[in-house]
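This report concerns only the one structure given below.
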Amino acid sequence: MATFRIHEDLEKENRVLAPIAPVGKAPAGLGLKVQATNNINQQQRSTFGVLNKLAVVNNGRELHAEKAVLKDPKLRIKPAVVPVVKGKSADENECQQPVQVNKVNLKQAEPFKAFQVYDDSKENNTDIQKKEPEAKREPLQELKNADLLETPMSVGESFSPMSVDKSVVLIEDTSIIAPRNDRERFFEVEEYQSDILKYLKEAEKRHRPKPAYMKKQPDINHSMRTILVDWLVEVCEEYRLQGETLCLAISYIDRFLSFMSVVRAKLQLVGTAAMFIAAKYEEIYPPDVGEFVYITDDTYTKTQVLRMEQLILKVLGFDLSVPTTLVFTTLYCVMNDVPDKVKYMCMYLCELSLLDADPYLTYLPSKISAGALALSRYSLDLPIWSRMLETNTGYRLEDLKDIILDLNKTHQKAESLAQQAIQEKFKGSKYLQVATVPATEISEEMFDNMCKSLAAAAASSEDQHEVSSTSNPQTVAVSHNDSMREMMSSLLFV
């Protein structure tokens with residue numbers, strides 16, 4: 001630890017002061033001595049910063065004193081001269097009182113030397129040689145030998161785990177065309193995929209719209225609903241809303257119309273309020289209610305939209321979390337590693353099914369997504385179904401016959417429809433232009449033949465597996481052990 005040291009005379013260090021008498025009983029002749037001693041100590045403390053070659057500032061000019069001595073004319077005591085300590089500089093912050101300087105020998109001004117600290121560890125070491133001037137380091141200056149002071153945070157040719165190299169250019173991997181979003185990452189957990197699918201299939205049965213609700217509507221029909229859905233697709237594209245927002249909004253509309261009769265003048269208001277609710281449920285930054293008033297060309301006011309929102313929420317019982325076809329499509333594609341083009345084709349067919357309420361409200365959303373996935377694979381020259389898809393989705397190809405045939409008819413007449421918002425949406429490069437893929441015609445006879453061929457292929461694969469297992473004695477032993485374990489477990493847990 002570095003300390004400061006002031007040299008004093010030995011006579012003053014060994015001086016013994018007389019004990020101070022109590023107040024009122026001071027002996028005669030000692031008061032002056034005690035007062036003189038205190039004045040001398042104060043003078044010594046004031047001379048802490050008065051060293052050799054002290055720079056004194058006088059009216060903006062620097063003066064250097066060879067020897068500075070403090071004198072008190074009232075006391076006839078020899079003033080103490082502070083010896084000069086080599087290598088010590090003046091500390092300007094220590095001298096707070098004004099200093100009287102007598103007998104000053106002016107010299108030419110010398111540059112101010114850097115303040116040096118006295119190191120007590122080198123007090124008794126007289127053999128230490130002075131370092132070369134080149135090795136000394138001036139204050140607030142860089143070291144000359146900076147190569148010897150490399151740290152983990154230094155920037156240089158030798159890299160370390162904490163090195164910073166600005167010459168390195170990060171190259172992004174653009175091989176992945178469509179990175180997975182948060183919803184797809186949620187379904188990537190393999191341990192919970194089957195449980196999630198089971199829960200979604202149970203939830204889709206709780207809140208279903210009535211398939212034939214349009215027959216009880218006195219003033220609206222299916223064509224008006226189709227026009228409303230096409231307009232909502234354009235609204236989603238205008239405000240860049242998620243596809244799930246569109247599916248939820250149409251689900252809310254169908255559930256609301258299943259219980260409430262609406263005149264045609266208020267049908268657009270129902271669709272606007274349903275989209276407003278779905279946007280607030282699904283989007284991070286949903287559009288303001290004023291935006292929804294604007295897209296209706298000021299047909300309705302903010303008060304009307306908010307009142308319709310309250311009515312829809314009251315009729316739905318605030319049950320807004322409903323699985324849609326897009327949820328099942330995403331889950332199927334993640335579980336089976338479906339290519340992007342097949343996934344977008346499946347999404348395209350599912351959105352086309354939103355236009356027509358008559359056949360598609362009778363199907364569950366999970367079944368519509370499975371049928372759209374099978375038709376998408378067939379349209380893109382892939383096997384229409386497989387054992388893995390049957391296991392993961394829970395649907396056999398025979399169970400999807402009706403929905404596949406209905407989707408095929410909708411796909412064939414998609415180009416001739418008056419409503420082209422969905423077709424224009426999926427013609428973009430974002431969805432790999434799947435709307436331009438021509439529709440393939442599938443008849444009932446063709447579908448039955450495909451089902452038979454798939455069943456025959458599955459049976460032949462099972463036969464080959466049995467033959468391979470019987471030909472290999474180790475496999476037979478393993479299967480025998482498995483059967484024994486099953487029997488033992490059944491006995492234990494009966």
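The way I read the labels, and the way they are meant: chains A, B, ... in the order of the structure tokens, residue 1 as the first residue of every chain, and ligand 1 as the first ligand shown, with later ones counted on from there.
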
Quick one: residues within 12 Å of Asp298 in chain A, only C-alpha atoms, excluding same-chain residues fewer than 5 positions away - as a short mmCIF file (atom, residue, chain, number, x, y, z; two decimals) with N, CA, C and O atoms, in the first residue's frame?
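So around22.cif came out as:
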data_model
loop_
_atom_site.label_atom_id
_atom_site.label_comp_id
_atom_site.auth_asym_id
_atom_site.auth_seq_id
_atom_site.Cartn_x
_atom_site.Cartn_y
_atom_site.Cartn_z
N GLN A 268 -73.45 -6.93 -42.09
CA GLN A 268 -72.08 -6.41 -42.14
C GLN A 268 -71.63 -5.91 -40.77
O GLN A 268 -70.45 -6.02 -40.42
N LEU A 269 -72.55 -5.36 -39.99
CA LEU A 269 -72.20 -4.93 -38.64
C LEU A 269 -71.82 -6.12 -37.77
O LEU A 269 -70.87 -6.04 -36.98
N THR A 272 -68.31 -7.12 -38.86
CA THR A 272 -67.31 -6.16 -38.39
C THR A 272 -67.02 -6.34 -36.90
O THR A 272 -65.85 -6.35 -36.47
N VAL A 289 -61.15 0.54 -33.07
CA VAL A 289 -62.55 0.46 -33.49
C VAL A 289 -62.85 1.48 -34.58
O VAL A 289 -63.70 1.25 -35.46
N GLY A 290 -62.11 2.59 -34.58
CA GLY A 290 -62.30 3.57 -35.65
C GLY A 290 -61.90 3.04 -37.01
O GLY A 290 -62.47 3.45 -38.04
N GLU A 291 -60.92 2.13 -37.04
CA GLU A 291 -60.51 1.53 -38.31
C GLU A 291 -61.62 0.65 -38.87
O GLU A 291 -61.85 0.61 -40.08
N PHE A 292 -62.31 -0.07 -38.00
CA PHE A 292 -63.40 -0.92 -38.46
C PHE A 292 -64.60 -0.08 -38.91
O PHE A 292 -65.37 -0.50 -39.78
N VAL A 293 -64.77 1.08 -38.30
CA VAL A 293 -65.82 1.99 -38.79
C VAL A 293 -65.44 2.53 -40.16
O VAL A 293 -66.29 2.69 -41.04
N THR A 303 -70.37 3.61 -31.70
CA THR A 303 -71.31 3.13 -30.68
C THR A 303 -72.03 1.86 -31.13
O THR A 303 -72.20 0.91 -30.36
N GLN A 304 -72.40 1.82 -32.40
CA GLN A 304 -73.08 0.64 -32.93
C GLN A 304 -72.15 -0.58 -32.94
O GLN A 304 -72.57 -1.70 -32.61
N VAL A 305 -70.88 -0.38 -33.30
CA VAL A 305 -69.93 -1.49 -33.32
C VAL A 305 -69.69 -2.01 -31.91
O VAL A 305 -69.65 -3.23 -31.67
#

For range 444-456 of chain A, find every residue with an atom within 12 Å (counting only C-alpha atoms), except residues of its own chain fewer than 2 positions away, and show them as an MDAnalysis selection string.
chainID A and resid 374:375 378 383:387 390 396:406 408 440:442 458:463

Using only C-alpha atoms, what table do you get, as a tab-separated table, when you list each residue of range 276-363 of chain A with an atom no more than 8 Å from range 221-245 of chain A, its nearest pair of atoms, and their distance in Å rounded to one decimal, rows by chain then rising number?
residue	atom	partner	partner_atom	distance
A:Ala278	CA	A:Thr245	CA	5.3
A:Ala279	CA	A:Thr245	CA	5.8
A:Glu282	CA	A:Thr245	CA	6.0
A:Glu283	CA	A:Leu241	CA	7.2
A:Pro287	CA	A:Tyr239	CA	7.7
A:Ile295	CA	A:Val235	CA	7.7
A:Thr324	CA	A:Glu244	CA	7.6
A:Leu326	CA	A:Glu244	CA	6.4
A:Val327	CA	A:Glu244	CA	7.7
A:Leu354	CA	A:Val229	CA	7.3
A:Leu355	CA	A:Thr226	CA	5.0
A:Asp356	CA	A:Thr226	CA	6.6
A:Ala357	CA	A:His222	CA	7.0
A:Asp358	CA	A:His222	CA	7.7

Choose the residue, out of A:Leu407, A:Ile220, A:Leu432, A:Ala203, that has the smallest atom-to-atom separation from Met260 in chain A; count only C-alpha atoms.
A:Ile220

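Counting only C-alpha atoms and comparing A:Ala457, A:Ile284, A:Leu380, A:Val334, the residue that lies closest to Asn392 in chain A is A:Val334.
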
Closest contacts (range 343-431 of chain A/range 206-209 of chain A, max 10 Å, only C-alpha atoms) as CSV:
residue,atom,partner,partner_atom,distance
A:Leu361,CA,A:Pro209,CA,7.3
A:Thr362,CA,A:Pro209,CA,9.1
A:Tyr363,CA,A:Arg208,CA,10.0
A:Leu364,CA,A:Arg208,CA,8.5
A:Pro365,CA,A:Arg208,CA,9.8

Go through range 144-359 of chain A and collect every residue that DSSP, computed from the backbone, puts in alpha helix (DSSP H); the answer should be as a PyMOL selection string.
chain A and resi 182-186+193-203+222-238+243-257+267-282+289-295+302-316+325-336+340-353

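Among the candidate residues A:Arg264, A:Lys198, A:Lys343, A:Lys314, the one lying nearest to Tyr431 in chain A is A:Lys343, with distances computed using only C-alpha atoms.
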
Would you pick out the contacts of Ala274 in chain A at 7 Å or less, using only C-alpha atoms, so that residues sharing its chain but fewer than 3 positions from it are not included, and give the list as number ranges by chain?
A: 249, 252-253, 270-271, 277-278

Take CA of Leu197 in chain A and CA of Leu320 in chain A and report the distance between them in Å, one decimal.
18.6 Å

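CA of Glu415 in chain A lies 19.5 Å from CA of Lys341 in chain A.
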
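Between CA of Lys302 in chain A and CA of Ile422 in chain A the separation is 28.3 Å.
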